[in-house]
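As stored in final.txt (compact mmCIF, C-alpha atoms and all ligand atoms):
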# COMPACT_ATOMS: atom_id res chain seq x y z
CA MET U 202 73.97 114.28 105.70
CA SER U 203 74.53 110.71 106.75
CA THR U 204 75.01 107.97 104.26
CA GLY U 205 75.99 104.34 104.18
CA TRP U 206 75.76 101.83 106.98
CA ILE U 207 77.62 99.01 108.44
CA THR U 208 75.81 95.72 108.05
CA PRO U 209 76.68 94.52 111.49
CA ASP U 210 76.88 91.14 113.11
CA GLY U 211 73.84 91.53 115.30
CA THR U 212 74.45 95.01 116.66
CA GLY U 213 72.18 97.12 114.46
CA PRO U 214 72.77 99.45 111.55
CA LEU U 215 75.22 102.29 111.83
CA THR U 216 75.19 105.38 109.66
CA LEU U 217 78.48 106.80 108.48
CA PRO U 218 78.34 110.58 108.89
CA ARG U 219 81.85 111.40 107.71
CA THR U 220 84.47 110.24 105.26
CA VAL U 221 86.74 107.56 106.67
CA VAL U 222 90.37 108.41 105.92
CA LEU U 223 92.81 105.50 106.05
CA VAL U 224 96.36 106.49 106.92
CA GLY U 225 99.53 104.46 107.33
CA LEU U 226 102.76 103.53 105.64
CA MET U 227 103.19 101.98 102.21
CA GLY U 228 102.03 98.39 102.36
CA ALA U 229 99.84 98.79 105.45
CA GLY U 230 96.77 97.83 103.42
CA LYS U 231 95.01 101.18 102.92
CA SER U 232 93.95 100.34 99.37
CA VAL U 233 93.11 96.70 99.93
CA VAL U 234 91.24 97.23 103.20
CA GLY U 235 89.73 100.51 101.97
CA LYS U 236 87.96 98.80 99.07
CA ARG U 237 86.45 96.19 101.33
CA LEU U 238 85.47 98.74 103.94
CA ALA U 239 83.67 100.87 101.35
CA GLN U 240 81.71 97.84 100.17
CA ARG U 241 80.68 97.03 103.72
CA LEU U 242 79.67 100.64 104.35
CA HIS U 243 77.91 101.10 100.98
CA VAL U 244 79.89 104.21 100.15
CA PRO U 245 82.34 104.88 97.30
CA PHE U 246 86.01 104.03 97.66
CA ILE U 247 88.55 106.63 96.54
CA ASP U 248 92.30 106.12 96.43
CA ALA U 249 94.04 109.50 96.78
CA ASP U 250 97.14 108.23 95.00
CA HIS U 251 95.03 107.44 91.93
CA GLU U 252 93.36 110.84 92.13
CA VAL U 253 96.75 112.57 92.17
CA GLU U 254 97.82 110.51 89.16
CA LYS U 255 94.61 111.38 87.29
CA ALA U 256 94.97 115.08 88.08
CA ALA U 257 98.61 115.12 86.96
CA GLY U 258 98.10 112.82 83.97
CA GLN U 259 101.13 110.76 84.99
CA SER U 260 102.15 108.11 87.48
CA ILE U 261 103.43 108.99 90.93
CA ALA U 262 106.85 107.66 89.96
CA ASP U 263 106.87 110.03 86.97
CA ILE U 264 105.69 112.99 89.06
CA PHE U 265 108.57 112.42 91.47
CA ALA U 266 111.02 112.02 88.58
CA THR U 267 109.94 114.99 86.50
CA LEU U 268 108.51 117.51 88.99
CA GLY U 269 110.00 116.36 92.29
CA GLU U 270 108.56 115.39 95.65
CA ASP U 271 107.55 118.93 96.66
CA ALA U 272 105.31 119.24 93.60
CA PHE U 273 103.82 115.85 94.39
CA ARG U 274 103.07 116.93 97.97
CA GLU U 275 101.37 120.10 96.75
CA GLY U 276 99.20 118.09 94.36
CA GLU U 277 98.40 115.63 97.13
CA ARG U 278 97.39 118.45 99.48
CA LYS U 279 94.97 119.87 96.90
CA VAL U 280 93.50 116.48 96.08
CA MET U 281 92.94 115.69 99.75
CA ALA U 282 91.23 119.06 100.27
CA ARG U 283 88.91 118.47 97.32
CA LEU U 284 88.01 114.95 98.40
CA LEU U 285 87.43 115.94 102.02
CA ASP U 286 85.07 118.67 100.84
CA GLY U 287 83.12 116.11 98.79
CA PRO U 288 80.58 113.40 99.59
CA VAL U 289 81.13 110.81 102.29
CA CYS U 290 83.39 107.97 101.13
CA VAL U 291 86.21 105.72 102.24
CA LEU U 292 89.41 107.52 101.30
CA ALA U 293 92.79 105.79 101.18
CA ALA U 294 95.31 108.57 101.77
CA GLY U 295 98.78 108.41 100.30
CA GLY U 296 101.34 107.33 102.88
CA GLY U 297 102.66 110.86 103.40
CA ALA U 298 99.40 112.81 103.13
CA PHE U 299 98.68 112.87 106.86
CA MET U 300 102.08 114.49 107.50
CA CYS U 301 100.73 117.76 106.07
CA PRO U 302 99.31 119.86 108.94
CA GLU U 303 96.64 121.41 106.71
CA THR U 304 95.46 118.00 105.60
CA ARG U 305 95.37 116.78 109.20
CA ARG U 306 93.26 119.77 110.15
CA ARG U 307 90.80 119.08 107.35
CA VAL U 308 90.59 115.42 108.27
CA LYS U 309 89.92 116.38 111.89
CA ARG U 310 87.06 118.69 110.87
CA ARG U 311 85.46 116.60 108.17
CA GLY U 312 86.57 113.01 108.46
CA ILE U 313 87.40 110.14 110.76
CA SER U 314 91.05 109.11 110.55
CA VAL U 315 91.99 105.47 110.89
CA TRP U 316 95.64 104.48 111.20
CA LEU U 317 96.45 101.02 109.91
CA ARG U 318 99.46 100.24 112.08
CA ALA U 319 101.86 97.60 110.86
CA ASP U 320 105.32 96.44 111.87
CA LEU U 321 108.48 96.78 109.88
CA ASP U 322 108.87 93.16 108.76
CA LEU U 323 105.34 93.09 107.40
CA LEU U 324 105.77 96.37 105.52
CA VAL U 325 109.07 95.26 104.03
CA ARG U 326 107.48 92.03 102.83
CA ARG U 327 104.37 93.67 101.42
CA THR U 328 106.25 96.34 99.51
CA ALA U 329 109.00 94.08 98.13
CA GLY U 330 109.48 93.53 94.43
CA ARG U 331 107.48 96.43 92.99
CA GLY U 332 108.98 99.58 91.52
CA HIS U 333 106.07 102.04 91.66
CA ARG U 334 106.86 103.55 95.08
CA PRO U 335 109.55 106.18 94.43
CA LEU U 336 110.54 106.54 98.09
CA LEU U 337 111.50 102.87 98.18
CA ASN U 338 113.39 102.84 94.91
CA GLN U 339 116.62 104.33 96.19
CA GLY U 340 118.82 102.64 98.75
CA ASP U 341 117.69 99.98 101.15
CA PRO U 342 113.87 99.82 101.36
CA ARG U 343 113.97 98.38 104.86
CA ALA U 344 116.12 101.25 106.15
CA LYS U 345 113.85 103.76 104.40
CA LEU U 346 110.70 102.25 105.88
CA GLU U 347 112.33 102.22 109.30
CA SER U 348 113.20 105.89 109.05
CA LEU U 349 109.67 106.73 107.81
CA MET U 350 108.25 104.83 110.77
CA ALA U 351 110.35 106.92 113.17
CA GLN U 352 109.20 110.17 111.53
CA ARG U 353 105.59 109.29 110.93
CA TYR U 354 104.33 106.99 113.63
CA PRO U 355 104.19 109.80 116.21
CA VAL U 356 101.93 111.67 113.77
CA TYR U 357 99.83 108.72 112.58
CA GLU U 358 99.29 108.04 116.27
CA THR U 359 97.16 111.19 116.47
CA ALA U 360 94.54 109.56 114.21
CA ASP U 361 91.07 109.13 115.70
CA VAL U 362 91.28 105.36 115.54
CA THR U 363 94.22 102.92 115.42
CA VAL U 364 93.83 99.41 114.08
CA ASP U 365 96.61 96.83 114.01
CA ALA U 366 97.02 95.55 110.49
CA GLY U 367 98.95 92.38 111.14
CA GLU U 368 99.18 89.03 109.42
CA GLU U 369 95.43 88.59 109.21
CA SER U 370 93.52 88.56 105.94
CA PRO U 371 92.24 91.83 104.49
CA ASP U 372 88.69 90.79 105.47
CA THR U 373 89.72 90.31 109.09
CA THR U 374 91.43 93.69 109.21
CA THR U 375 88.35 95.24 107.60
CA GLY U 376 86.20 93.75 110.35
CA ARG U 377 88.51 95.24 112.96
CA VAL U 378 88.21 98.65 111.36
CA LEU U 379 84.42 98.41 111.34
CA ASP U 380 84.36 97.51 115.04
CA ALA U 381 86.72 100.36 115.89
CA LEU U 382 84.65 102.81 113.84
CA ARG U 383 81.48 101.75 115.58
CA ASP U 384 83.11 102.38 118.97
CA TRP U 385 84.45 105.77 117.88
CA LEU U 386 81.09 106.88 116.46
CA ASP U 387 79.31 105.79 119.64
CA ALA U 388 81.80 107.60 121.85
CA ASN U 389 81.69 110.78 119.74
CA ASP U 390 77.94 110.96 119.01
CA SER U 391 78.47 110.36 115.26
CA PRO U 392 79.58 113.93 114.55
CA PRO U 393 78.57 115.50 111.23
CA PRO U 394 81.34 117.10 109.19
CA GLU U 395 82.17 120.67 110.11
CA PRO U 396 81.48 123.24 107.36
CA VAL U 397 83.80 123.28 104.38
CA GLU U 398 86.73 125.63 104.91
CA THR U 399 87.07 128.35 102.33
CA ASP U 400 90.46 129.81 101.63
CA PRO U 401 90.91 133.33 103.01
N1 LIG Y 501 95.73 92.07 105.39
C1 LIG Y 501 96.44 91.71 104.31
N2 LIG Y 501 96.68 90.41 104.07
C2 LIG Y 501 97.40 90.05 103.00
N3 LIG Y 501 97.91 90.88 102.08
C3 LIG Y 501 97.68 92.17 102.28
C4 LIG Y 501 96.93 92.65 103.38
N4 LIG Y 501 96.88 93.98 103.31
C5 LIG Y 501 97.57 94.32 102.20
N5 LIG Y 501 98.04 93.22 101.60
C6 LIG Y 501 98.87 93.20 100.38
O1 LIG Y 501 99.97 94.06 100.61
C7 LIG Y 501 100.19 94.87 99.47
C8 LIG Y 501 100.09 96.32 99.87
O2 LIG Y 501 98.74 96.62 100.25
P1 LIG Y 501 98.09 98.00 99.84
O3 LIG Y 501 98.43 98.31 98.42
O4 LIG Y 501 96.65 97.95 100.21
O5 LIG Y 501 98.87 98.98 100.80
P2 LIG Y 501 98.72 100.54 100.88
O6 LIG Y 501 98.64 100.88 102.32
O7 LIG Y 501 97.63 101.02 99.98
O8 LIG Y 501 100.13 101.05 100.38
P3 LIG Y 501 100.55 101.50 98.89
O9 LIG Y 501 99.55 102.51 98.43
O10 LIG Y 501 101.92 101.99 99.01
O11 LIG Y 501 100.45 100.20 98.07
C9 LIG Y 501 99.20 94.44 98.41
O12 LIG Y 501 99.81 93.51 97.56
C10 LIG Y 501 98.11 93.79 99.21
O13 LIG Y 501 97.43 92.80 98.47
O1 LIG Y 502 104.64 107.29 101.96
C1 LIG Y 502 104.72 108.12 101.03
O2 LIG Y 502 105.25 109.22 101.16
C2 LIG Y 502 104.11 107.77 99.73
C3 LIG Y 502 103.19 106.76 99.69
C4 LIG Y 502 102.41 106.42 98.49
O3 LIG Y 502 101.09 106.10 98.87
C5 LIG Y 502 102.44 107.56 97.47
O4 LIG Y 502 101.61 108.60 97.91
C6 LIG Y 502 103.83 108.06 97.25
O5 LIG Y 502 104.58 107.00 96.70
C7 LIG Y 502 104.47 108.56 98.54
MG MG Y 503 97.57 102.20 98.27
Output the file's structure in the form of structure tokens.
Ligand SMILES: Nc1ncnc2c1ncn2[C@@H]1O[C@H](COP(=O)(O)OP(=O)(O)OP(=O)(O)O)[C@@H](O)[C@H]1O
Ligand SMILES: O=C(O)C1=C[C@@H](O)[C@@H](O)[C@H](O)C1
Ligand SMILES: [Mg+2]
Amino acid sequence: MSTGWITPDGTGPLTLPRTVVLVGLMGAGKSVVGKRLAQRLHVPFIDADHEVEKAAGQSIADIFATLGEDAFREGERKVMARLLDGPVCVLAAGGGAFMCPETRRRVKRRGISVWLRADLDLLVRRTAGRGHRPLLNQGDPRAKLESLMAQRYPVYETADVTVDAGEESPDTTTGRVLDALRDWLDANDSPPPEPVETDP
């Protein structure tokens, strides 16, 4: 089933056959750009971090503090599986979600992954001064982000589409994502999602 369409600047409507999954580090703009993208595509926006919080009945910071990171990752894996099995939407993944091989496989089969790539200075600036990201609450946030970049960028790089999320406004970045999606869909014949995987 195809749903939603890009209202383009003169290049014709484009149906969105699969869920768009935004990946990238904390502060890259997944939530901010994701909301705008969903509006432009006329599909719902879902933030996986919020879904994990709803499912757990507590904030991500509290999940980390009371249950630990491993429990958070397990909840995140389940939430991503559920959302990827659901209707087409724009899905902002948590920053670490794409590091899970099972999640990456599901995204590959059912979604279109878009990496919002940003540099260290920008991420440091955008994440400064807020306490709700547990990974950045201990030690030096810049050093932590740098080490996450080293671990994760080689994996984010395997996303279907990469868009540089620089100093531009969220609307400009959203426009870049739409252009990149259009190119990817054209080059890949707008593939429908593969059938939902059932657990053995
Ligand atoms: N293109 C942009 N221009 C200006 N500000 C931006 C842009 N993208 C994001 N921001 C700001 O940076 C901050 C982080 O953005 P956002 O919350 O969307 O990141 P994220 O990738 O969802 O990461 P996290 O979930 O950890 O917050 C927000 O305050 C947001 O308003
Ligand atoms: O990069 C990460 O590992 C995280 C990013 C956030 O979106 C949350 O999912 C959580 O704070 C962990
Ligand atoms: Mg977010």
So that each row is one residue of chain U with an atom at most 9 Å from ligand LIG 501 (chain Y), can you give its shortest atom pair and the distance in Å to one decimal, using all atoms listed in the file, rows by chain and rising number, as CSV?
residue,atom,partner,partner_atom,distance
U:Leu223,CA,Y:LIG501,O6,8.3
U:Val224,CA,Y:LIG501,O6,7.6
U:Gly225,CA,Y:LIG501,O6,6.2
U:Leu226,CA,Y:LIG501,O6,5.9
U:Met227,CA,Y:LIG501,O10,3.4
U:Gly228,CA,Y:LIG501,O5,3.6
U:Ala229,CA,Y:LIG501,O6,4.0
U:Gly230,CA,Y:LIG501,O4,3.2
U:Lys231,CA,Y:LIG501,O6,3.7
U:Ser232,CA,Y:LIG501,O4,3.7
U:Val233,CA,Y:LIG501,O4,3.8
U:Val234,CA,Y:LIG501,O4,6.2
U:Gly235,CA,Y:LIG501,O4,7.6
U:Lys236,CA,Y:LIG501,O4,8.8
U:Asp248,CA,Y:LIG501,O7,8.2
U:Asp250,CA,Y:LIG501,O9,7.1
U:Ala293,CA,Y:LIG501,O7,6.9
U:Ala294,CA,Y:LIG501,O7,8.1
U:Gly295,CA,Y:LIG501,O9,6.2
U:Gly296,CA,Y:LIG501,O10,6.6
U:Leu317,CA,Y:LIG501,O6,7.9
U:Leu323,CA,Y:LIG501,O1,8.7
U:Leu324,CA,Y:LIG501,O1,7.9
U:Arg326,CA,Y:LIG501,O1,8.1
U:Arg327,CA,Y:LIG501,O1,4.5
U:Thr328,CA,Y:LIG501,C8,6.2
U:Ala329,CA,Y:LIG501,C7,8.9
U:His333,CA,Y:LIG501,O10,8.4
U:Arg334,CA,Y:LIG501,O10,6.5
U:Ala366,CA,Y:LIG501,N1,6.3
U:Gly367,CA,Y:LIG501,N1,6.6
U:Glu368,CA,Y:LIG501,N2,6.1
U:Glu369,CA,Y:LIG501,N1,5.2
U:Ser370,CA,Y:LIG501,N2,4.1
U:Pro371,CA,Y:LIG501,N1,3.6
U:Asp372,CA,Y:LIG501,N1,7.2
U:Thr373,CA,Y:LIG501,N1,7.3
U:Thr374,CA,Y:LIG501,N1,6.0
U:Thr375,CA,Y:LIG501,N1,8.3
What's the separation between CA of Thr220 (chain U) and CA of Cys290 (chain U), in Å to one decimal place?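 CA of Thr220 (chain U) sits 4.8 Å away from CA of Cys290 (chain U).
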Which one of U:Leu336, U:Met300, U:Ala282, U:Val315 sits closest to Glu270 (chain U) if you count all atoms listed in the file? U:Leu336
d(atom C3 of ligand LIG 502 (chain Y), CA of His251 (chain U)) in Å: 11.3 Å
Hey, can you check how far CA of Pro394 (chain U) sits from CA of Pro245 (chain U)?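 Distance reported for this atom pair: 17.1 Å.
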Considering only C-alpha atoms, state which residue in the set U:Val378, U:Leu285, U:Leu349, U:Ala256 is at the smallest distance from Pro396 (chain U). U:Leu285
With distances taken over only C-alpha atoms, which of U:Gln352, U:Pro302, U:Ile264, U:Val289 is nearest to Thr216 (chain U)?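 Of U:Gln352, U:Pro302, U:Ile264, U:Val289, the one nearest Thr216 (chain U) is U:Val289, counting only C-alpha atoms.
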So, with all atoms listed in the file as the atoms that count, which of U:Gly269, U:Leu292, U:Asp286, U:Arg219 lies closest to ligand MG 503 (chain Y)?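 Closest candidate: U:Leu292.
Of the listed residues U:Gly258, U:Pro288, U:Gly276, U:Gly297, the one whose atoms come nearest to ligand LIG 502 (chain Y) is U:Gly297, with distances taken using all atoms listed in the file.
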Go through U:Val253, U:Ala272, U:Leu238, U:Ala351 and flag the residue nearest ligand LIG 502 (chain Y), using all atoms listed in the file for the distances. U:Val253
For region 322-329 of chain U, take all atoms listed in the file, fit an axis-aligned box around them, add 3 Å to each of the six sides, then output centre and edge lengths in Å rounded to one decimal, as lines of an AutoDock Vina configuration file.
center_x = 106.7
center_y = 94.2
center_z = 103.4
size_x = 10.7
size_y = 10.3
size_z = 16.6
Would you mind writing region 236-260 of chain U with N, CA and C atoms, as a PDB file, keeping the file's coordinate frame?
ATOM      1  N   LYS U 236      88.985  99.276 100.026  1.00  0.00           N
ATOM      2  CA  LYS U 236      87.960  98.800  99.070  1.00  0.00           C
ATOM      3  C   LYS U 236      86.913  97.951  99.771  1.00  0.00           C
ATOM      4  N   ARG U 237      87.400  97.071 100.622  1.00  0.00           N
ATOM      5  CA  ARG U 237      86.450  96.190 101.330  1.00  0.00           C
ATOM      6  C   ARG U 237      85.576  96.982 102.288  1.00  0.00           C
ATOM      7  N   LEU U 238      86.204  97.919 102.972  1.00  0.00           N
ATOM      8  CA  LEU U 238      85.470  98.740 103.940  1.00  0.00           C
ATOM      9  C   LEU U 238      84.347  99.516 103.238  1.00  0.00           C
ATOM     10  N   ALA U 239      84.672 100.081 102.090  1.00  0.00           N
ATOM     11  CA  ALA U 239      83.670 100.870 101.350  1.00  0.00           C
ATOM     12  C   ALA U 239      82.502  99.982 100.944  1.00  0.00           C
ATOM     13  N   GLN U 240      82.801  98.764 100.537  1.00  0.00           N
ATOM     14  CA  GLN U 240      81.710  97.840 100.170  1.00  0.00           C
ATOM     15  C   GLN U 240      80.822  97.579 101.372  1.00  0.00           C
ATOM     16  N   ARG U 241      81.458  97.343 102.514  1.00  0.00           N
ATOM     17  CA  ARG U 241      80.680  97.030 103.720  1.00  0.00           C
ATOM     18  C   ARG U 241      79.865  98.235 104.183  1.00  0.00           C
ATOM     19  N   LEU U 242      80.366  99.427 103.900  1.00  0.00           N
ATOM     20  CA  LEU U 242      79.670 100.640 104.350  1.00  0.00           C
ATOM     21  C   LEU U 242      78.734 101.208 103.274  1.00  0.00           C
ATOM     22  N   HIS U 243      78.748 100.621 102.092  1.00  0.00           N
ATOM     23  CA  HIS U 243      77.910 101.100 100.980  1.00  0.00           C
ATOM     24  C   HIS U 243      78.199 102.553 100.627  1.00  0.00           C
ATOM     25  N   VAL U 244      79.465 102.881 100.603  1.00  0.00           N
ATOM     26  CA  VAL U 244      79.890 104.210 100.150  1.00  0.00           C
ATOM     27  C   VAL U 244      80.987 104.008  99.111  1.00  0.00           C
ATOM     28  N   PRO U 245      81.272 105.033  98.285  1.00  0.00           N
ATOM     29  CA  PRO U 245      82.340 104.880  97.300  1.00  0.00           C
ATOM     30  C   PRO U 245      83.718 104.754  97.968  1.00  0.00           C
ATOM     31  N   PHE U 246      84.613 104.080  97.251  1.00  0.00           N
ATOM     32  CA  PHE U 246      86.010 104.030  97.660  1.00  0.00           C
ATOM     33  C   PHE U 246      86.834 104.933  96.748  1.00  0.00           C
ATOM     34  N   ILE U 247      87.666 105.767  97.337  1.00  0.00           N
ATOM     35  CA  ILE U 247      88.550 106.630  96.540  1.00  0.00           C
ATOM     36  C   ILE U 247      89.977 106.472  97.045  1.00  0.00           C
ATOM     37  N   ASP U 248      90.891 106.255  96.092  1.00  0.00           N
ATOM     38  CA  ASP U 248      92.300 106.120  96.430  1.00  0.00           C
ATOM     39  C   ASP U 248      92.986 107.441  96.062  1.00  0.00           C
ATOM     40  N   ALA U 249      93.469 108.164  97.050  1.00  0.00           N
ATOM     41  CA  ALA U 249      94.040 109.500  96.780  1.00  0.00           C
ATOM     42  C   ALA U 249      95.222 109.422  95.833  1.00  0.00           C
ATOM     43  N   ASP U 250      96.017 108.356  95.927  1.00  0.00           N
ATOM     44  CA  ASP U 250      97.140 108.230  95.000  1.00  0.00           C
ATOM     45  C   ASP U 250      96.657 108.200  93.552  1.00  0.00           C
ATOM     46  N   HIS U 251      95.562 107.483  93.304  1.00  0.00           N
ATOM     47  CA  HIS U 251      95.030 107.440  91.930  1.00  0.00           C
ATOM     48  C   HIS U 251      94.501 108.801  91.500  1.00  0.00           C
ATOM     49  N   GLU U 252      93.906 109.507  92.451  1.00  0.00           N
ATOM     50  CA  GLU U 252      93.360 110.840  92.130  1.00  0.00           C
ATOM     51  C   GLU U 252      94.493 111.815  91.782  1.00  0.00           C
ATOM     52  N   VAL U 253      95.596 111.705  92.488  1.00  0.00           N
ATOM     53  CA  VAL U 253      96.750 112.570  92.170  1.00  0.00           C
ATOM     54  C   VAL U 253      97.253 112.215  90.775  1.00  0.00           C
ATOM     55  N   GLU U 254      97.332 110.936  90.484  1.00  0.00           N
ATOM     56  CA  GLU U 254      97.820 110.510  89.160  1.00  0.00           C
ATOM     57  C   GLU U 254      96.884 111.008  88.055  1.00  0.00           C
ATOM     58  N   LYS U 255      95.583 110.902  88.301  1.00  0.00           N
ATOM     59  CA  LYS U 255      94.610 111.380  87.290  1.00  0.00           C
ATOM     60  C   LYS U 255      94.768 112.877  87.072  1.00  0.00           C
ATOM     61  N   ALA U 256      94.874 113.612  88.188  1.00  0.00           N
ATOM     62  CA  ALA U 256      94.970 115.080  88.080  1.00  0.00           C
ATOM     63  C   ALA U 256      96.250 115.487  87.342  1.00  0.00           C
ATOM     64  N   ALA U 257      97.328 114.755  87.580  1.00  0.00           N
ATOM     65  CA  ALA U 257      98.610 115.120  86.960  1.00  0.00           C
ATOM     66  C   ALA U 257      98.771 114.523  85.567  1.00  0.00           C
ATOM     67  N   GLY U 258      97.977 113.502  85.264  1.00  0.00           N
ATOM     68  CA  GLY U 258      98.100 112.820  83.970  1.00  0.00           C
ATOM     69  C   GLY U 258      99.380 112.000  83.872  1.00  0.00           C
ATOM     70  N   GLN U 259      99.953 111.654  84.996  1.00  0.00           N
ATOM     71  CA  GLN U 259     101.130 110.760  84.990  1.00  0.00           C
ATOM     72  C   GLN U 259     101.214 109.981  86.301  1.00  0.00           C
ATOM     73  N   SER U 260     102.028 108.968  86.286  1.00  0.00           N
ATOM     74  CA  SER U 260     102.150 108.110  87.480  1.00  0.00           C
ATOM     75  C   SER U 260     102.890 108.853  88.586  1.00  0.00           C
TER      76      SER U 260
END
